[in-house]
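The file upload.txt contains compact mmCIF, C-alpha atoms and all ligand atoms:
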```txt
# COMPACT_ATOMS: atom_id res chain seq x y z
CA MET D 1 94.96 153.05 156.33
CA THR D 2 94.99 151.31 152.94
CA VAL D 3 93.37 148.05 151.88
CA ALA D 4 94.74 146.85 148.53
CA VAL D 5 92.75 144.50 146.32
CA VAL D 6 95.03 142.94 143.71
CA GLY D 7 93.09 141.88 140.60
CA ALA D 8 90.07 143.69 139.14
CA GLY D 9 88.28 140.63 137.83
CA LEU D 10 84.81 139.98 139.20
CA ALA D 11 86.19 138.56 142.47
CA GLY D 12 88.41 141.59 143.14
CA LEU D 13 85.74 144.13 142.20
CA SER D 14 83.20 142.31 144.40
CA ALA D 15 85.66 142.32 147.29
CA ALA D 16 86.32 146.05 146.86
CA TRP D 17 82.59 146.76 146.66
CA ALA D 18 81.97 144.75 149.85
CA LEU D 19 84.75 146.66 151.64
CA GLU D 20 83.19 149.93 150.56
CA GLY D 21 79.68 148.83 151.48
CA ALA D 22 80.79 147.81 154.95
CA GLY D 23 82.04 151.32 155.55
CA ALA D 24 85.70 150.43 155.27
CA GLY D 25 85.99 153.13 152.62
CA ALA D 26 85.39 155.77 155.28
CA ALA D 27 88.08 154.37 157.58
CA ALA D 28 90.51 153.10 154.95
CA ASP D 29 91.49 153.79 151.36
CA VAL D 30 90.42 150.84 149.25
CA VAL D 31 92.67 150.55 146.19
CA VAL D 32 92.04 148.06 143.38
CA LEU D 33 95.08 147.22 141.26
CA ASP D 34 95.08 145.28 138.00
CA ALA D 35 97.91 144.31 135.72
CA GLY D 36 95.72 144.69 132.62
CA ARG D 37 94.48 147.73 130.75
CA ARG D 38 90.83 147.18 131.61
CA PRO D 39 88.92 145.83 134.60
CA GLY D 40 86.75 142.70 134.43
CA GLY D 41 89.39 139.99 133.95
CA MET D 42 87.75 137.14 132.06
CA ILE D 43 84.54 139.12 131.59
CA VAL D 44 84.78 140.77 128.17
CA THR D 45 81.69 142.05 126.36
CA GLU D 46 81.85 143.88 123.06
CA ARG D 47 78.82 145.66 121.65
CA ARG D 48 78.84 146.36 117.93
CA ASP D 49 76.07 147.33 115.52
CA GLY D 50 73.37 146.03 117.87
CA PHE D 51 75.15 142.72 118.57
CA VAL D 52 76.30 141.71 122.07
CA VAL D 53 79.49 139.64 121.79
CA GLU D 54 80.85 137.82 124.83
CA GLY D 55 84.50 136.82 124.85
CA GLY D 56 84.39 135.01 128.19
CA PRO D 57 81.39 134.09 130.36
CA ASP D 58 77.96 134.69 128.86
CA GLY D 59 75.74 133.89 131.85
CA PHE D 60 75.26 132.13 135.18
CA LEU D 61 72.83 129.69 136.72
CA ALA D 62 69.62 131.39 137.83
CA ALA D 63 69.81 129.44 141.11
CA GLU D 64 73.11 131.10 142.05
CA PRO D 65 72.27 134.01 144.36
CA ASP D 66 75.51 135.94 144.89
CA ILE D 67 75.88 137.68 141.54
CA GLN D 68 72.19 138.58 141.57
CA GLU D 69 72.43 140.05 145.08
CA LEU D 70 75.40 142.07 143.87
CA ALA D 71 73.38 143.25 140.85
CA ARG D 72 70.70 144.48 143.27
CA GLU D 73 73.27 146.27 145.42
CA VAL D 74 74.81 148.14 142.49
CA GLY D 75 71.39 149.05 141.10
CA ILE D 76 71.21 146.90 137.97
CA GLU D 77 68.65 144.32 139.09
CA GLU D 78 66.35 145.30 136.22
CA ARG D 79 69.12 144.33 133.80
CA LEU D 80 68.93 140.64 134.79
CA VAL D 81 67.45 138.64 131.90
CA ASP D 82 66.48 134.98 131.57
CA GLN D 83 67.52 132.44 129.02
CA VAL D 84 64.87 132.17 126.29
CA ALA D 85 65.56 128.95 124.37
CA ARG D 86 65.89 125.67 126.30
CA GLY D 87 67.66 122.39 125.71
CA ALA D 88 70.87 121.50 123.88
CA ALA D 89 71.84 119.00 121.20
CA LEU D 90 74.69 116.54 120.79
CA TRP D 91 76.72 116.62 117.56
CA THR D 92 77.67 113.00 117.00
CA GLY D 93 79.90 113.75 114.02
CA ARG D 94 77.05 112.85 111.65
CA ARG D 95 73.89 114.39 113.09
CA LEU D 96 72.45 116.52 115.89
CA GLU D 97 70.59 114.54 118.55
CA PRO D 98 68.70 115.79 121.62
CA LEU D 99 70.85 115.90 124.75
CA ALA D 100 69.56 115.26 128.29
CA GLU D 101 69.34 118.36 130.54
CA GLY D 102 72.59 119.05 132.38
CA LYS D 103 74.63 116.76 130.13
CA ALA D 104 76.25 119.60 128.17
CA ALA D 105 78.43 120.84 131.07
CA GLU D 106 79.49 117.29 131.89
CA LEU D 107 80.58 116.68 128.29
CA LEU D 108 82.58 119.92 128.33
CA GLY D 109 84.28 118.92 131.59
CA ILE D 110 82.85 121.96 133.42
CA GLN D 111 82.57 121.37 137.17
CA VAL D 112 79.04 122.44 138.12
CA ASN D 113 76.86 122.25 141.21
CA ALA D 114 74.42 119.40 140.47
CA ASN D 115 71.71 121.08 142.58
CA ALA D 116 71.85 124.42 140.78
CA GLY D 117 69.47 123.49 137.91
CA THR D 118 70.03 124.32 134.27
CA GLN D 119 68.25 127.67 133.84
CA PHE D 120 70.69 130.46 132.96
CA ARG D 121 70.54 134.22 133.31
CA THR D 122 72.61 137.10 132.03
CA PHE D 123 72.45 140.89 131.82
CA THR D 124 70.62 142.95 129.19
CA THR D 125 73.71 144.12 127.33
CA GLY D 126 76.10 141.41 128.44
CA MET D 127 78.13 140.30 131.43
CA ALA D 128 80.10 143.54 131.35
CA ASP D 129 76.97 145.30 132.69
CA VAL D 130 77.90 144.15 136.19
CA VAL D 131 81.57 145.08 135.76
CA GLU D 132 80.65 148.53 134.47
CA ALA D 133 78.26 149.10 137.40
CA LEU D 134 80.96 148.10 139.89
CA VAL D 135 83.59 150.23 138.17
CA ALA D 136 81.25 153.24 138.23
CA CYS D 137 81.02 152.83 142.02
CA LEU D 138 84.74 152.23 142.49
CA VAL D 139 86.29 154.42 139.81
CA PRO D 140 88.50 156.66 141.93
CA ARG D 141 89.89 153.55 143.62
CA LEU D 142 90.74 151.58 140.50
CA ARG D 143 94.22 151.56 138.97
CA THR D 144 94.89 149.55 135.83
CA THR D 145 98.29 148.60 134.33
CA GLN D 146 99.54 148.07 137.88
CA GLY D 147 100.94 144.55 137.88
CA VAL D 148 102.00 143.46 141.37
CA THR D 149 105.35 141.69 141.15
CA ALA D 150 105.95 140.94 144.83
CA ILE D 151 104.55 141.32 148.35
CA ALA D 152 106.73 141.71 151.42
CA PRO D 153 106.00 142.33 155.10
CA ALA D 154 106.08 146.03 156.03
CA ALA D 155 106.04 147.86 159.36
CA ARG D 156 102.22 147.84 159.36
CA GLY D 157 100.94 145.22 156.95
CA TRP D 158 102.38 144.70 153.50
CA ARG D 159 104.47 146.37 150.83
CA LEU D 160 103.36 145.70 147.26
CA SER D 161 105.93 146.12 144.49
CA PHE D 162 104.91 146.94 140.92
CA THR D 163 106.44 146.54 137.52
CA GLY D 164 108.62 149.63 137.17
CA ALA D 165 109.98 149.50 140.73
CA SER D 166 107.28 151.60 142.45
CA SER D 167 105.56 150.31 145.60
CA LEU D 168 102.53 150.76 147.85
CA ASP D 169 102.12 150.04 151.55
CA ALA D 170 98.80 148.59 152.70
CA GLU D 171 97.58 147.41 156.09
CA ALA D 172 95.63 144.61 154.39
CA VAL D 173 95.70 142.88 151.01
CA ILE D 174 93.23 140.74 149.09
CA LEU D 175 94.80 138.71 146.28
CA ALA D 176 92.03 138.21 143.71
CA VAL D 177 94.39 136.91 141.04
CA PRO D 178 94.64 133.54 139.24
CA ALA D 179 95.99 130.67 141.35
CA TRP D 180 99.37 130.56 139.65
CA VAL D 181 99.93 134.28 140.35
CA ALA D 182 98.86 133.91 144.00
CA ALA D 183 101.11 130.84 144.31
CA ARG D 184 104.12 132.91 143.27
CA LEU D 185 103.29 136.00 145.36
CA LEU D 186 102.55 133.97 148.50
CA ALA D 187 105.60 131.74 148.14
CA GLY D 188 107.56 135.03 148.19
CA VAL D 189 106.31 135.75 151.73
CA GLY D 190 107.14 132.27 152.95
CA VAL D 191 103.72 130.60 152.56
CA SER D 192 105.27 127.49 151.10
CA ALA D 193 101.91 125.62 151.02
CA ALA D 194 100.81 128.15 148.39
CA ARG D 195 103.22 126.70 145.81
CA GLU D 196 100.80 123.81 145.42
CA LEU D 197 98.08 126.18 144.20
CA ASP D 198 100.02 126.05 140.97
CA THR D 199 98.42 122.63 140.39
CA VAL D 200 95.14 124.33 139.39
CA LEU D 201 94.93 123.70 135.66
CA TYR D 202 93.68 126.57 133.49
CA ALA D 203 92.39 124.91 130.31
CA PRO D 204 93.18 126.80 127.09
CA SER D 205 90.26 127.65 124.85
CA ILE D 206 89.25 129.85 121.97
CA THR D 207 85.82 131.39 121.51
CA VAL D 208 84.71 132.48 118.06
CA SER D 209 81.62 134.65 117.60
CA LEU D 210 80.16 134.63 114.08
CA ALA D 211 77.44 136.96 112.75
CA TYR D 212 75.15 136.00 109.86
CA ARG D 213 71.96 137.27 108.28
CA ALA D 214 69.10 135.26 109.79
CA ASP D 215 68.23 133.89 106.32
CA GLN D 216 71.69 132.23 106.08
CA VAL D 217 70.89 130.00 109.07
CA PRO D 218 68.10 127.39 108.88
CA GLY D 219 65.00 128.46 110.85
CA THR D 220 64.70 124.91 112.15
CA LEU D 221 67.58 125.23 114.66
CA GLU D 222 66.28 124.37 118.10
CA GLY D 223 67.50 124.95 121.64
CA THR D 224 70.50 126.85 122.96
CA GLY D 225 73.20 125.11 120.93
CA PHE D 226 75.11 121.88 120.70
CA VAL D 227 78.03 120.07 122.27
CA ALA D 228 80.25 117.85 120.14
CA ALA D 229 80.68 114.22 121.26
CA PRO D 230 84.29 113.47 122.25
CA ASP D 231 84.69 111.27 119.14
CA ALA D 232 82.89 113.64 116.74
CA GLY D 233 86.13 114.82 115.15
CA GLY D 234 86.61 118.48 114.24
CA ALA D 235 87.79 121.48 116.21
CA VAL D 236 84.42 122.89 117.36
CA ARG D 237 83.70 121.46 120.81
CA ALA D 238 80.47 123.33 121.36
CA CYS D 239 78.37 126.08 119.84
CA THR D 240 75.87 128.45 121.43
CA TYR D 241 73.01 129.80 119.31
CA THR D 242 73.56 133.07 121.13
CA TRP D 243 70.74 135.01 119.50
CA ARG D 244 68.28 132.27 120.46
CA LYS D 245 69.61 131.60 123.96
CA TYR D 246 69.38 135.17 125.27
CA PRO D 247 67.25 138.15 124.20
CA ASN D 248 68.70 141.09 122.24
CA ARG D 249 72.04 139.52 121.30
CA ALA D 250 71.60 140.42 117.61
CA PRO D 251 69.49 142.99 115.75
CA ASP D 252 66.28 141.78 114.04
CA GLY D 253 67.04 139.82 110.91
CA PHE D 254 70.50 138.68 112.09
CA ALA D 255 71.92 135.63 113.85
CA LEU D 256 74.86 135.32 116.25
CA LEU D 257 76.67 132.06 117.01
CA ARG D 258 79.52 131.41 119.42
CA ALA D 259 81.78 128.41 118.94
CA PHE D 260 84.20 126.95 121.48
CA VAL D 261 87.21 125.77 119.54
CA GLY D 262 90.05 123.53 120.69
CA PRO D 263 93.69 124.22 119.81
CA VAL D 264 93.94 124.56 116.01
CA ASP D 265 96.56 125.17 113.34
CA GLY D 266 95.24 128.01 111.24
CA ASP D 267 92.58 130.69 111.58
CA PRO D 268 90.04 129.65 114.27
CA ALA D 269 87.32 131.80 112.68
CA SER D 270 87.60 130.14 109.23
CA ILE D 271 87.78 126.70 110.82
CA ALA D 272 84.75 127.39 113.04
CA HIS D 273 82.72 128.75 110.11
CA ALA D 274 83.59 125.79 107.87
CA GLU D 275 82.57 123.25 110.51
CA LEU D 276 79.41 125.14 111.54
CA ALA D 277 78.40 125.55 107.89
CA THR D 278 78.40 121.75 107.57
CA ILE D 279 76.81 120.95 110.95
CA LEU D 280 74.10 123.62 110.86
CA ARG D 281 73.74 123.94 107.04
CA ILE D 282 74.63 127.63 107.00
CA GLU D 283 74.67 129.29 103.59
CA GLY D 284 77.38 131.76 102.59
CA ASP D 285 80.10 133.51 104.59
CA PRO D 286 79.73 135.18 107.98
CA LEU D 287 79.24 138.96 107.98
CA TRP D 288 82.06 139.19 110.53
CA THR D 289 83.78 137.07 113.13
CA ARG D 290 85.48 137.84 116.46
CA VAL D 291 88.01 135.52 118.07
CA PHE D 292 89.05 135.54 121.74
CA HIS D 293 92.07 133.48 122.76
CA TRP D 294 92.20 132.15 126.33
CA PRO D 295 95.59 130.52 126.77
CA ARG D 296 94.55 130.00 130.41
CA GLY D 297 90.77 129.85 130.51
CA LEU D 298 88.46 128.00 132.90
CA PRO D 299 90.26 126.61 135.97
CA ARG D 300 89.96 122.93 136.87
CA TYR D 301 90.84 121.73 140.32
CA PRO D 302 92.89 118.64 140.95
CA ARG D 303 91.95 116.21 143.73
CA GLY D 304 92.72 117.67 147.17
CA HIS D 305 92.26 121.27 146.00
CA ALA D 306 89.86 122.34 148.78
CA GLU D 307 92.24 120.97 151.43
CA ARG D 308 95.20 122.80 149.85
CA VAL D 309 93.28 126.09 149.79
CA ALA D 310 92.21 125.57 153.43
CA ALA D 311 95.83 124.94 154.44
CA VAL D 312 96.93 128.17 152.75
CA ARG D 313 94.15 130.14 154.47
CA GLU D 314 95.09 128.68 157.81
CA ARG D 315 98.65 129.88 157.30
CA LEU D 316 97.50 133.34 156.12
CA ALA D 317 95.42 133.77 159.28
CA ARG D 318 98.67 133.90 161.25
CA LEU D 319 100.14 136.74 159.15
CA ALA D 320 99.16 140.40 158.81
CA PRO D 321 95.73 140.66 157.08
CA LEU D 322 96.06 138.91 153.71
CA ALA D 323 93.32 136.96 151.92
CA ILE D 324 92.85 135.10 148.64
CA ALA D 325 89.75 135.17 146.45
CA GLY D 326 88.56 134.18 143.01
CA ALA D 327 88.13 131.38 140.53
CA GLY D 328 91.50 129.87 141.30
CA PHE D 329 90.33 128.86 144.76
CA ASP D 330 86.57 128.80 145.39
CA GLY D 331 84.78 127.82 142.17
CA ALA D 332 85.09 128.89 138.55
CA GLY D 333 81.60 130.31 137.98
CA VAL D 334 81.04 134.05 138.07
CA SER D 335 78.63 133.83 141.01
CA ALA D 336 81.14 131.77 143.00
CA CYS D 337 83.71 134.50 142.28
CA VAL D 338 81.39 137.17 143.69
CA LYS D 339 80.85 135.04 146.80
CA SER D 340 84.57 134.43 147.18
CA GLY D 341 85.38 138.15 146.85
CA ARG D 342 82.75 139.12 149.40
CA GLU D 343 83.97 136.50 151.86
CA ALA D 344 87.56 137.73 151.53
CA ALA D 345 86.33 141.27 152.24
CA ARG D 346 84.41 140.06 155.30
CA GLU D 347 87.49 138.26 156.57
CA ILE D 348 89.72 141.29 156.10
CA LEU D 349 87.15 143.53 157.80
CA GLY D 350 87.09 141.10 160.71
CA ARG D 351 90.88 141.20 160.95
CA LEU D 352 90.92 145.00 160.78
CA GLY D 353 87.82 145.29 162.97
CA SER D 354 89.33 147.22 165.81
CA HIS D 355 91.10 149.65 163.42
CA VAL D 356 88.00 150.23 161.30
CA ARG D 357 85.80 150.90 164.31
CA GLY D 358 88.42 152.66 166.36
C1 LIG V 1 85.80 131.40 127.61
C2 LIG V 1 85.25 131.41 129.00
C3 LIG V 1 83.90 131.20 129.21
C4 LIG V 1 83.38 131.19 130.51
N1 LIG V 1 82.05 131.03 130.66
C5 LIG V 1 81.51 131.14 131.90
C6 LIG V 1 80.10 131.18 132.04
O1 LIG V 1 79.34 131.14 131.06
N2 LIG V 1 79.61 131.27 133.30
C7 LIG V 1 80.40 131.37 134.41
O2 LIG V 1 79.87 131.46 135.52
N3 LIG V 1 81.75 131.40 134.29
C8 LIG V 1 82.33 131.29 133.06
N4 LIG V 1 83.68 131.38 132.91
C9 LIG V 1 84.52 131.48 134.12
C10 LIG V 1 84.52 132.89 134.72
O3 LIG V 1 84.49 133.86 133.69
C11 LIG V 1 85.81 133.11 135.51
O4 LIG V 1 86.09 132.03 136.36
C12 LIG V 1 85.69 134.39 136.37
O5 LIG V 1 85.31 135.49 135.59
C13 LIG V 1 87.05 134.64 137.06
O6 LIG V 1 86.99 135.81 137.85
P1 LIG V 1 88.20 136.19 138.81
O7 LIG V 1 87.94 137.56 139.30
O8 LIG V 1 88.39 135.12 139.82
O9 LIG V 1 89.50 136.12 137.90
P2 LIG V 1 89.91 136.90 136.59
O10 LIG V 1 88.71 137.35 135.83
O11 LIG V 1 90.93 136.04 135.93
O12 LIG V 1 90.60 138.23 137.17
C14 LIG V 1 91.90 138.22 137.70
C15 LIG V 1 92.51 139.58 137.46
O13 LIG V 1 93.79 139.60 138.06
C16 LIG V 1 94.64 140.38 137.25
N5 LIG V 1 96.03 140.04 137.57
C17 LIG V 1 96.70 138.90 137.30
N6 LIG V 1 97.95 138.96 137.78
C18 LIG V 1 98.08 140.17 138.38
C19 LIG V 1 99.13 140.83 139.08
N7 LIG V 1 100.31 140.25 139.26
N8 LIG V 1 98.92 142.09 139.55
C20 LIG V 1 97.71 142.70 139.38
N9 LIG V 1 96.67 142.12 138.73
C21 LIG V 1 96.86 140.87 138.25
C22 LIG V 1 94.22 140.01 135.83
O14 LIG V 1 94.61 141.03 134.92
C23 LIG V 1 92.72 139.88 135.97
O15 LIG V 1 92.04 141.08 135.65
C24 LIG V 1 84.23 131.40 131.63
C25 LIG V 1 85.60 131.62 131.42
C26 LIG V 1 86.12 131.63 130.13
C27 LIG V 1 87.56 131.91 129.90
```

In structure tokens, write the structure found in this file.
Ligand SMILES: Cc1cc2nc3c(=O)[nH]c(=O)nc-3n(C[C@H](O)[C@H](O)[C@H](O)COP(=O)(O)OP(=O)(O)OC[C@H]3O[C@@H](n4cnc5c(N)ncnc54)[C@H](O)[C@@H]3O)c2cc1C
Amino acid sequence: MTVAVVGAGLAGLSAAWALEGAGAGAAADVVVLDAGRRPGGMIVTERRDGFVVEGGPDGFLAAEPDIQELAREVGIEERLVDQVARGAALWTGRRLEPLAEGKAAELLGIQVNANAGTQFRTFTTGMADVVEALVACLVPRLRTTQGVTAIAPAARGWRLSFTGASSLDAEAVILAVPAWVAARLLAGVGVSAARELDTVLYAPSITVSLAYRADQVPGTLEGTGFVAAPDAGGAVRACTYTWRKYPNRAPDGFALLRAFVGPVDGDPASIAHAELATILRIEGDPLWTRVFHWPRGLPRYPRGHAERVAAVRERLARLAPLAIAGAGFDGAGVSACVKSGREAAREILGRLGSHVRG
């Protein structure tokens, strides 16, 4: 028996890990398939010369339990580290002013749980720590560059088709892919309600990491960074003082910033440096810069999203075991993705229950 997890972002890897942990691995082959060359999806950490550079997420709220439980399960609990600096500033277009706790996410249009506090955590050498730990546990089951192009009913379960005309039969499938991909794959098996999942809007963004010598950046910088007011002008929407926010992000004597840049004409790194040099009074050029483009970044849900997802799940419950998981459906934060992946695994295990036990 085969259980296929489509998508090796954090949701898919968490689902596969939960399937394995529940003993499904003994009764079924768990296979994780990803269209990309590397696992992790939006989690991208690069380590260079003692710097830790995040392309996507850089942390999660300390009050969110799921990712931390997962860290414990995969044996990297001691790699959890707390935010060091506290508080953020508002760039008004003329000066930096203190910003009330929790206001930064609101200004950036990030949908957050109001009860989850504002204390963040990450992993010692970046968010990829958790991906690497999961991959180490799942390695024989993981197949990259395996883009699923279609799903169709098969004699027992589902047939997955791949780019290049090959296919795989699986008794159960977890789709841990972005909403627009799931919308297309599910519409192909007649789940017409799934077409509406395409309404989830994935906002484009660019992150630019910039390294400097510590003496290029004023020692008076306070807090974790700043958010630009909507009328501040400029392309930089926010900036994290990465080497102040989390420990060990830059070697001693160096500074690391990360800017969130809106759509720009021209080189995002030069634009980010020019604006940050003015705002933060940085002297001289960066030592290096690293740009990550996210044409479809953080998902935002339109009104009625939860009801649409529930309607799709209701429909899926009447088909052979098939579940959806991930940021496109159950919350954009990394911990929500872990929770979503685990719940999809639990559901599939429940559906396969008699087979797994028998
Ligand atoms: C710039 C940025 C900053 C962020 N910052 C934070 C943060 O600080 N904290 C936080 O909690 N969250 C943050 N997020 C959000 C968080 O990173 C994501 O919501 C989360 O990682 C998504 O995980 P996922 O597994 O649901 O999806 P993804 O990571 O998108 O994984 C989906 C996977 O599916 C694969 N796939 C797609 N189509 C197919 C197909 N047809 N066949 C096979 N595979 C396919 C993709 O290659 C991908 O690997 C940030 C996101 C971005 C972009």

Ligand LIG 1 (chain V): axis-aligned bounding box, 3 Å on each side, centre and edge lengths in Å, one decimal, as JSON:
```
{"center_x": 89.8, "center_y": 136.9, "center_z": 133.7, "size_x": 27.0, "size_y": 17.7, "size_z": 18.2}
```

Report task. Can you tell me which residues come within 7 Å of ligand LIG 1 (chain V) when counting all atoms listed in the file, ideally as a PyMOL selection string? Result -> chain D and resi 6-12+33-36+39-43+55-60+146-149+176-178+181+205-207+294+297-299+325-328+332-335+337

Report task. Mind checking which residues fall within 12 Å of segment 132-134 of chain D, counting only C-alpha atoms, ignoring those fewer than 2 positions away in the same chain, and posting them as a ChimeraX atom specification? Result -> /D:8-18,20-21,32,38-40,43-45,67,70-77,79,123,125-130,136-142,338

Okay, now the selection with C-alpha atoms, as a PDB file, in the coordinates of the input?
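The resulting again.pdb:
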```
ATOM      1  CA  ALA D   8      90.070 143.690 139.140  1.00  0.00           C
ATOM      2  CA  GLY D   9      88.280 140.630 137.830  1.00  0.00           C
ATOM      3  CA  LEU D  10      84.810 139.980 139.200  1.00  0.00           C
ATOM      4  CA  ALA D  11      86.190 138.560 142.470  1.00  0.00           C
ATOM      5  CA  GLY D  12      88.410 141.590 143.140  1.00  0.00           C
ATOM      6  CA  LEU D  13      85.740 144.130 142.200  1.00  0.00           C
ATOM      7  CA  SER D  14      83.200 142.310 144.400  1.00  0.00           C
ATOM      8  CA  ALA D  15      85.660 142.320 147.290  1.00  0.00           C
ATOM      9  CA  ALA D  16      86.320 146.050 146.860  1.00  0.00           C
ATOM     10  CA  TRP D  17      82.590 146.760 146.660  1.00  0.00           C
ATOM     11  CA  ALA D  18      81.970 144.750 149.850  1.00  0.00           C
ATOM     12  CA  GLU D  20      83.190 149.930 150.560  1.00  0.00           C
ATOM     13  CA  GLY D  21      79.680 148.830 151.480  1.00  0.00           C
ATOM     14  CA  VAL D  32      92.040 148.060 143.380  1.00  0.00           C
ATOM     15  CA  ARG D  38      90.830 147.180 131.610  1.00  0.00           C
ATOM     16  CA  PRO D  39      88.920 145.830 134.600  1.00  0.00           C
ATOM     17  CA  GLY D  40      86.750 142.700 134.430  1.00  0.00           C
ATOM     18  CA  ILE D  43      84.540 139.120 131.590  1.00  0.00           C
ATOM     19  CA  VAL D  44      84.780 140.770 128.170  1.00  0.00           C
ATOM     20  CA  THR D  45      81.690 142.050 126.360  1.00  0.00           C
ATOM     21  CA  ILE D  67      75.880 137.680 141.540  1.00  0.00           C
ATOM     22  CA  LEU D  70      75.400 142.070 143.870  1.00  0.00           C
ATOM     23  CA  ALA D  71      73.380 143.250 140.850  1.00  0.00           C
ATOM     24  CA  ARG D  72      70.700 144.480 143.270  1.00  0.00           C
ATOM     25  CA  GLU D  73      73.270 146.270 145.420  1.00  0.00           C
ATOM     26  CA  VAL D  74      74.810 148.140 142.490  1.00  0.00           C
ATOM     27  CA  GLY D  75      71.390 149.050 141.100  1.00  0.00           C
ATOM     28  CA  ILE D  76      71.210 146.900 137.970  1.00  0.00           C
ATOM     29  CA  GLU D  77      68.650 144.320 139.090  1.00  0.00           C
ATOM     30  CA  ARG D  79      69.120 144.330 133.800  1.00  0.00           C
ATOM     31  CA  PHE D 123      72.450 140.890 131.820  1.00  0.00           C
ATOM     32  CA  THR D 125      73.710 144.120 127.330  1.00  0.00           C
ATOM     33  CA  GLY D 126      76.100 141.410 128.440  1.00  0.00           C
ATOM     34  CA  MET D 127      78.130 140.300 131.430  1.00  0.00           C
ATOM     35  CA  ALA D 128      80.100 143.540 131.350  1.00  0.00           C
ATOM     36  CA  ASP D 129      76.970 145.300 132.690  1.00  0.00           C
ATOM     37  CA  VAL D 130      77.900 144.150 136.190  1.00  0.00           C
ATOM     38  CA  ALA D 136      81.250 153.240 138.230  1.00  0.00           C
ATOM     39  CA  CYS D 137      81.020 152.830 142.020  1.00  0.00           C
ATOM     40  CA  LEU D 138      84.740 152.230 142.490  1.00  0.00           C
ATOM     41  CA  VAL D 139      86.290 154.420 139.810  1.00  0.00           C
ATOM     42  CA  PRO D 140      88.500 156.660 141.930  1.00  0.00           C
ATOM     43  CA  ARG D 141      89.890 153.550 143.620  1.00  0.00           C
ATOM     44  CA  LEU D 142      90.740 151.580 140.500  1.00  0.00           C
ATOM     45  CA  VAL D 338      81.390 137.170 143.690  1.00  0.00           C
TER      46      VAL D 338
END
```

Query - D:Val200, D:Ala88, D:Ala306, D:Leu19 ranked by distance to Gly102 of chain D, top pick (using only C-alpha atoms) - result: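 Under the stated criterion, the closest residue is D:Ala88.
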
Query raised in the report: Which neighbours of Tyr241 of chain D fall inside 9 Å, counting all atoms listed in the file, when residues of the same chain fewer than 3 positions from it are skipped, and could you give them as a PyMOL selection string?
Result: chain D and resi 221-226+244-246+255-259

Requested in this report: Check the smallest atom-to-atom distance from each of D:Gly188, D:Gly331, D:Pro247, D:Gly350 to Asn113 of chain D using all atoms listed in the file, then report the winner.
Outcome: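 So, comparing all the options, the nearest one is D:Gly331.
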
Query raised in the report: Distance atom CA of Val312 of chain D-atom CA of Arg195 of chain D, one decimal place?
Result: 9.5 Å

Give me the residues near Arg213 of chain D as a CSV table (one decimal) with C-alpha atoms, in the coordinates of the input, where near means some atom within 8 Å (using all atoms listed in the file) and where sequence neighbours in that chain fewer than 5 positions away do not count.
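Result saved to around30.csv:
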```
chain,number,residue,atom,x,y,z
D,253,GLY,CA,67.0,139.8,110.9
D,254,PHE,CA,70.5,138.7,112.1
D,255,ALA,CA,71.9,135.6,113.8
D,287,LEU,CA,79.2,139.0,108.0
```
